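*Asks:* Below: one structure in structure tokens.
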Amino acid sequence: MLHHERLRPPSRDYPADEWNVIETAFRSDFLAQLEAMLSLGNGYVGMRGCPEEGGPNAENGTFINGFFETWPIVYGEEAFGFAKTGQTICTVTDSKIIKLFVDDEPFWLPDAQLLNYDRRLNMKAGTLDRTVLWETPTGKHVSITSRRLVSFVNKHVAAISYRVTLVDAQAFVVISSEMATNKSSAHDNRNDPRLARALPGRVLQPQTNYSKDRRIVLCHATEKSRFMLACATDHNLVSSCPHSHKVVCTPDFGQVAYTIDAKPGCSIQLTKYLVYHTSQTATAEELCGRAEWTMDRIMVQGFDQLLASQERYMDDFWRRSDIGIKDISEHRAKRSTVEIQQAIRFNLFHILQASARAEETGVPAKGLTGQAYEGHYFWDTEIYVMPFLTYTSPRIARNLLVFRYNMLPKARARARELGHRGAMYPWRTISGEEASAYYAAGTAQYHINADIMYALHKYVEATGDEMFLRKYGAEMLVETARLWLDLGFYSDAKGKKFCINGVTGPDEYNAVVNNNAYTNLMARENLRYAAEVVESLRTAELDTYNALVQKTALEPSEVQAWIQAAESMYVPSDDRLKIVLQDDSFLDRELWDFRNTPRAHYPLLLFYHPLNIYRKQVIKQADVVLAMFLLGNTFPLEVKKRNFDFYDPLTTGDSSLSSCVEAIIAAQVGDMDKAIRYGMAALLMDLADVGGNVKDGCHIASMGGTWMMLTYGFGGMRDDDGTLSFWPRRAPEENAILRFPLTYRGRLLEVEITLDKVEYTLREGERLVIRHEEQELELTRENPRAVRPVSRR
């Protein structure tokens, strides 16, 4: 069920393009949305797509992943085990500002007479480019071009190339390159719990500041979380026109102002280099030193080398990741196909920007495109983003799992606080500590433990990274399995089945329930995999097993208890409807009155008290349906269809995480109309602002879900038993080719699906065995290609 109508700016101002998101006219009414959509980032530093001039803007955010301030959570009534400390990602020093004055007239977009305007997110090169022709109030024509990048190769580095040319007249030009530290924090949440809260008082406290020639360094620190931030800028101006410069440096502001006697046709080329370093242990002096080392290196390299390395990185990324869709019914592509291709690449590019250099952190729900959800990490990463990374960028996937491993001590402490054995991963966090103040829809989501272990299992199967499993994964599996055994119990009322009460599943509109089916099913997989890994180590790698026993005090009897709990796991069902029940009492609730709920009252959480929602049969996002996708080999096709048909009308789509999963299951059960409808909603979630809230940041998990929708849904990919198999459907557009690459155990496979055939090509690697439906295929270097018909089912 979709309740949001697609919203999209006028196409004449935002034309479809396969490799660019293009803006051809400045529109103040779409300012906030475009700031998020045109953001640049590398997983460590992110910058919203605000104009170089420093404004106008809705949220002029520059963010460092994992850089946050803490605040005490205040409850009207305290209770034991409630989260104590909130965490909010901070806006850091804005160093990208470049202001332009011609004959003392400022270039300011809302007031400027623009003869030409073109701004584009260049997803092939990994840059944000702008070309402007400005007519000044006195009739002089000024050409302004800029190219901004946040480097994937150089984690701490961003740069801007800024060129000004007087077309037809002489003028005095001032280019003021600035950096400014925001003294306040996030905007107020306006009663929307998804947005970040405003922190009282000043967040970034000045530590030191200095300048050297045209280099400026500002250093700040947070008061409570004890983060140190050093930001440095340096400049290179090239022009044959006479020019001079002046430097200003204060604790919160830096400026290098160039004054140029500009001649017509004489270009003025300013290159600005930006460096960010953060630490919780380094002193201000040390961190500033690190920033200067980085700056020295990139100043020698220059912008052209930074750009070339960015383009090489992007070439390699698209080689491993690009999903292509091409219309074959005409000599030229249909507009709708171009729009789909643009949306696919837009989503994949933003996942890269959120994760590439997230080497000691997680992936925030909004990436680094906004402060919504406080910059927290959720289960979104493991279930929606990790599949894409596992099959295209396994090194990044591994980094994210190592980050979860490093969180294990705090997860153990949280489990003890909740009265459990083992480890309890936090629902919302940056630091590793639980930061969700609303336990019913937060802490109660115990399934996050199983979600992380599910991602771990899929990663190991797809990569064969047994070393990771031995060094990190086994310990995580032991501690999460322990928690499930401690949390659940054998219920007499359920025929001695293993039950798990008082939890919230993925659907937050049904909170603190007994036997949430998704949770029980995923816990069962967690327990089974933990037992399998431990037993494998005990029989095949005794030294590793003994080290694990020593580290975790593992008892042999525990493993047998995990197996027994998994085999006895209770999964609620209804014999009359022949469906899996979302939880024990789901059918006992009154049906939500969808007919009399105004469209303007979605999402429901913004208009109805939680208790009003909890009492009803209404679903925020896929829950049972999600389990049937993730654990696909557990459910026959007819069972998936019955459950999809039952739960689909009850699902509001209030969560961006829902449409992609519903599209996958719709494709699997043969309902291609719904598969395409839900698939398009997922694909255009941000580019068309389906939910009306892209202004607050991009939906990174939904973007990951679009990859799953195209590969698992339309591509028919299955990886249930560790072997790749394919049951292809067709592309989400008639008469189109769908093509995607997959990295599997070091091999690069390309899958191409047309209306009547599918081609499998081994692009890299010696040998790969896959399955086309029930048929086994062997691809080798000598015979890298296989062609099979697409079944009509």
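Each chain in the structure tokens gets a letter, A, B, ..., in the order shown, and its residues are numbered from 1; ligands are numbered from 1 in order too.
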Out of stretch 444-628 of chain A, which residues get strand (DSSP E or B) from DSSP, as number ranges by chain?
*Replies:* A: 489-491, 497-499, 503, 513, 569, 573-574, 579-580, 590-591, 616-617, 619
*Asks:* Neighbouring residues of stretch 781-783 of chain A were defined as those with any atom within 7 Å, considering only C-alpha atoms; residues of the same chain fewer than 4 positions away were excluded. Please report them as a PDB file with all heavy atoms, in the first residue's frame.
*Replies:*
ATOM      1  N   GLY A 765      38.474 -14.039 -12.953  1.00  0.00           N
ATOM      2  CA  GLY A 765      38.548 -15.263 -12.175  1.00  0.00           C
ATOM      3  C   GLY A 765      38.710 -16.487 -13.057  1.00  0.00           C
ATOM      4  O   GLY A 765      38.495 -16.447 -14.277  1.00  0.00           O
ATOM      5  N   GLU A 766      39.093 -17.595 -12.459  1.00  0.00           N
ATOM      6  CA  GLU A 766      39.384 -18.825 -13.195  1.00  0.00           C
ATOM      7  C   GLU A 766      38.150 -19.686 -13.409  1.00  0.00           C
ATOM      8  O   GLU A 766      37.925 -20.216 -14.484  1.00  0.00           O
ATOM      9  CB  GLU A 766      40.436 -19.651 -12.423  1.00  0.00           C
ATOM     10  CG  GLU A 766      41.777 -18.948 -12.258  1.00  0.00           C
ATOM     11  CD  GLU A 766      42.562 -18.895 -13.560  1.00  0.00           C
ATOM     12  OE1 GLU A 766      42.303 -19.756 -14.428  1.00  0.00           O
ATOM     13  OE2 GLU A 766      43.411 -18.000 -13.697  1.00  0.00           O
ATOM     14  N   ARG A 767      37.326 -19.835 -12.374  1.00  0.00           N
ATOM     15  CA  ARG A 767      36.210 -20.788 -12.442  1.00  0.00           C
ATOM     16  C   ARG A 767      35.137 -20.377 -11.440  1.00  0.00           C
ATOM     17  O   ARG A 767      35.448 -19.949 -10.334  1.00  0.00           O
ATOM     18  CB  ARG A 767      36.708 -22.206 -12.125  1.00  0.00           C
ATOM     19  CG  ARG A 767      35.625 -23.280 -12.071  1.00  0.00           C
ATOM     20  CD  ARG A 767      36.258 -24.640 -11.770  1.00  0.00           C
ATOM     21  NE  ARG A 767      35.247 -25.687 -11.638  1.00  0.00           N
ATOM     22  CZ  ARG A 767      34.623 -25.991 -10.510  1.00  0.00           C
ATOM     23  NH1 ARG A 767      34.927 -25.334  -9.382  1.00  0.00           N
ATOM     24  NH2 ARG A 767      33.717 -26.947 -10.482  1.00  0.00           N
TER      25      ARG A 767
END
*Asks:* Determine, counting only C-alpha atoms, which protein, DNA and RNA residues have an atom within 9 Å of an atom of A:Leu521; residues of the same chain fewer than 5 positions away are not included. Present the result as an MDAnalysis selection string.
*Replies:* chainID A and resid 516 526 566 569:571 627 631
*Asks:* For the residues selected in the previous step, produce a file with N, CA, C and O atoms as a JSON list (two decimals), in the first residue's frame.
*Replies:*
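again_15.json, written as the output of this step:
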[["chain", "number", "residue", "atom", "x", "y", "z"],
["A", 516, "ASN", "N", 7.38, -12.16, 18.10],
["A", 516, "ASN", "CA", 7.45, -11.53, 16.78],
["A", 516, "ASN", "C", 8.10, -12.53, 15.83],
["A", 516, "ASN", "O", 9.21, -13.01, 16.06],
["A", 526, "ASN", "N", 20.54, -17.23, 13.83],
["A", 526, "ASN", "CA", 21.69, -16.82, 14.65],
["A", 526, "ASN", "C", 22.19, -17.99, 15.49],
["A", 526, "ASN", "O", 23.39, -18.31, 15.53],
["A", 566, "ALA", "N", 17.09, -23.59, 18.78],
["A", 566, "ALA", "CA", 16.80, -23.34, 17.37],
["A", 566, "ALA", "C", 15.78, -24.34, 16.84],
["A", 566, "ALA", "O", 14.82, -23.98, 16.14],
["A", 569, "MET", "N", 12.27, -23.55, 18.19],
["A", 569, "MET", "CA", 11.82, -22.16, 18.08],
["A", 569, "MET", "C", 10.35, -22.09, 17.66],
["A", 569, "MET", "O", 9.92, -22.75, 16.71],
["A", 570, "TYR", "N", 9.59, -21.30, 18.39],
["A", 570, "TYR", "CA", 8.17, -21.12, 18.10],
["A", 570, "TYR", "C", 7.99, -20.04, 17.03],
["A", 570, "TYR", "O", 8.56, -18.94, 17.14],
["A", 571, "VAL", "N", 7.24, -20.34, 16.01],
["A", 571, "VAL", "CA", 6.90, -19.37, 14.97],
["A", 571, "VAL", "C", 5.38, -19.29, 14.91],
["A", 571, "VAL", "O", 4.72, -20.26, 14.53],
["A", 627, "ALA", "N", 11.11, -11.15, 6.51],
["A", 627, "ALA", "CA", 11.67, -12.45, 6.90],
["A", 627, "ALA", "C", 11.60, -13.44, 5.74],
["A", 627, "ALA", "O", 12.52, -14.25, 5.54],
["A", 631, "LEU", "N", 15.05, -15.07, 4.52],
["A", 631, "LEU", "CA", 15.13, -16.51, 4.74],
["A", 631, "LEU", "C", 14.31, -17.23, 3.68],
["A", 631, "LEU", "O", 13.47, -18.07, 3.97]]
*Asks:* Go through stretch 5-94 of chain A and flag each residue having an atom no more than 12 Å from stretch 141-165 of chain A; for those, report the closest pair of atoms plus their distance in Å to one decimal, using only C-alpha atoms, ordered by chain and rising number, as a Markdown table.
*Replies:*
| residue | atom | partner | partner_atom | distance |
| --- | --- | --- | --- | --- |
| A:Leu38 | CA | A:Arg148 | CA | 10.9 |
| A:Ser39 | CA | A:Val150 | CA | 9.8 |
| A:Leu40 | CA | A:Val150 | CA | 6.2 |
| A:Gly41 | CA | A:Val150 | CA | 5.6 |
| A:Asn42 | CA | A:Phe152 | CA | 5.4 |
| A:Gly43 | CA | A:Phe152 | CA | 8.5 |
| A:Tyr44 | CA | A:Lys155 | CA | 6.7 |
| A:Val45 | CA | A:His156 | CA | 7.2 |
| A:Gly46 | CA | A:Val150 | CA | 7.6 |
| A:Met47 | CA | A:Val150 | CA | 8.2 |
| A:Arg48 | CA | A:Val150 | CA | 11.2 |
| A:Gly49 | CA | A:Arg148 | CA | 9.7 |
| A:Cys50 | CA | A:Arg148 | CA | 11.0 |
| A:Pro51 | CA | A:Ser146 | CA | 10.1 |
| A:Glu52 | CA | A:Ser146 | CA | 8.6 |
| A:Glu53 | CA | A:Ser146 | CA | 11.3 |
| A:Thr62 | CA | A:Val150 | CA | 11.4 |
| A:Phe63 | CA | A:His156 | CA | 11.9 |
| A:Ile64 | CA | A:His156 | CA | 9.7 |
| A:Asn65 | CA | A:His156 | CA | 11.4 |
| A:Asp94 | CA | A:Ala158 | CA | 11.7 |
*Asks:* Using C-alpha atoms, can you export the residues from the last selection as an mmCIF file, in the first residue's frame?
*Replies:*
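Listing of again_2.cif after writing:
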data_model
loop_
_atom_site.group_PDB
_atom_site.id
_atom_site.type_symbol
_atom_site.label_atom_id
_atom_site.label_comp_id
_atom_site.auth_asym_id
_atom_site.auth_seq_id
_atom_site.Cartn_x
_atom_site.Cartn_y
_atom_site.Cartn_z
ATOM 1 C CA LEU A 38 23.650 17.002 -4.363
ATOM 2 C CA SER A 39 25.684 16.205 -1.256
ATOM 3 C CA LEU A 40 29.234 14.965 -1.629
ATOM 4 C CA GLY A 41 30.960 12.644 0.820
ATOM 5 C CA ASN A 42 33.331 9.724 1.193
ATOM 6 C CA GLY A 43 32.045 8.009 4.337
ATOM 7 C CA TYR A 44 34.322 10.069 6.598
ATOM 8 C CA VAL A 45 33.487 13.655 5.644
ATOM 9 C CA GLY A 46 30.287 14.833 3.978
ATOM 10 C CA MET A 47 29.115 18.191 2.663
ATOM 11 C CA ARG A 48 25.562 19.107 1.742
ATOM 12 C CA GLY A 49 25.150 20.551 -1.723
ATOM 13 C CA CYS A 50 25.004 24.206 -0.708
ATOM 14 C CA PRO A 51 26.300 26.916 -3.053
ATOM 15 C CA GLU A 52 29.930 27.913 -2.691
ATOM 16 C CA GLU A 53 28.795 31.394 -1.652
ATOM 17 C CA THR A 62 29.400 19.643 6.880
ATOM 18 C CA PHE A 63 29.676 16.400 8.859
ATOM 19 C CA ILE A 64 32.328 14.003 10.057
ATOM 20 C CA ASN A 65 31.119 10.440 10.490
ATOM 21 C CA ASP A 94 32.269 24.921 6.966
#
*Asks:* Measuring between only C-alpha atoms, which one of A:Ile268, A:Cys249, A:Val559, A:Val256 shows the shortest distance to A:Leu237?
*Replies:*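 Nearest candidate to A:Leu237 out of A:Ile268, A:Cys249, A:Val559, A:Val256: A:Ile268.
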*Asks:* Could you tell me how far atom CA of A:Glu311 sits from atom CA of A:Gly126, in Å to one decimal place?
*Replies:*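 Spanning atom CA of A:Gly126 to atom CA of A:Glu311 is a straight-line distance of 6.9 Å.
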*Asks:* I'd like the neighbourhood of A:Lys246 as a short mmCIF file (atom, residue, chain, number, x, y, z; two decimals) with C-alpha atoms, in the first residue's frame, where a residue qualifies if any of its atoms comes within 8 Å (using only C-alpha atoms), though same-chain residues fewer than 6 positions away should be ignored.
*Replies:*
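The resulting selection-v8.cif:
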data_model
loop_
_atom_site.label_atom_id
_atom_site.label_comp_id
_atom_site.auth_asym_id
_atom_site.auth_seq_id
_atom_site.Cartn_x
_atom_site.Cartn_y
_atom_site.Cartn_z
CA GLN A 255 39.43 34.33 5.36
CA VAL A 256 41.79 34.72 2.44
CA ALA A 257 40.47 37.61 0.32
CA TYR A 258 41.97 38.13 -3.14
#
*Asks:* Find the spatial neighbours of A:Val549, counting only C-alpha atoms, within a cut-off of 10 Å - ignore same-chain residues fewer than 6 positions away - and output them as a list in words.
*Replies:* Glu475, Val478, Val534, Arg538, Asp543, Glu555 and Pro556 of chain A
*Asks:* Looking at A:Pro200, A:Pro728, A:Gly442, A:Pro264, which one is nearest to A:Trp427, with distances taken over only C-alpha atoms?
*Replies:*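 Going through A:Pro200, A:Pro728, A:Gly442, A:Pro264 one by one, the smallest distance to A:Trp427 is for A:Gly442.
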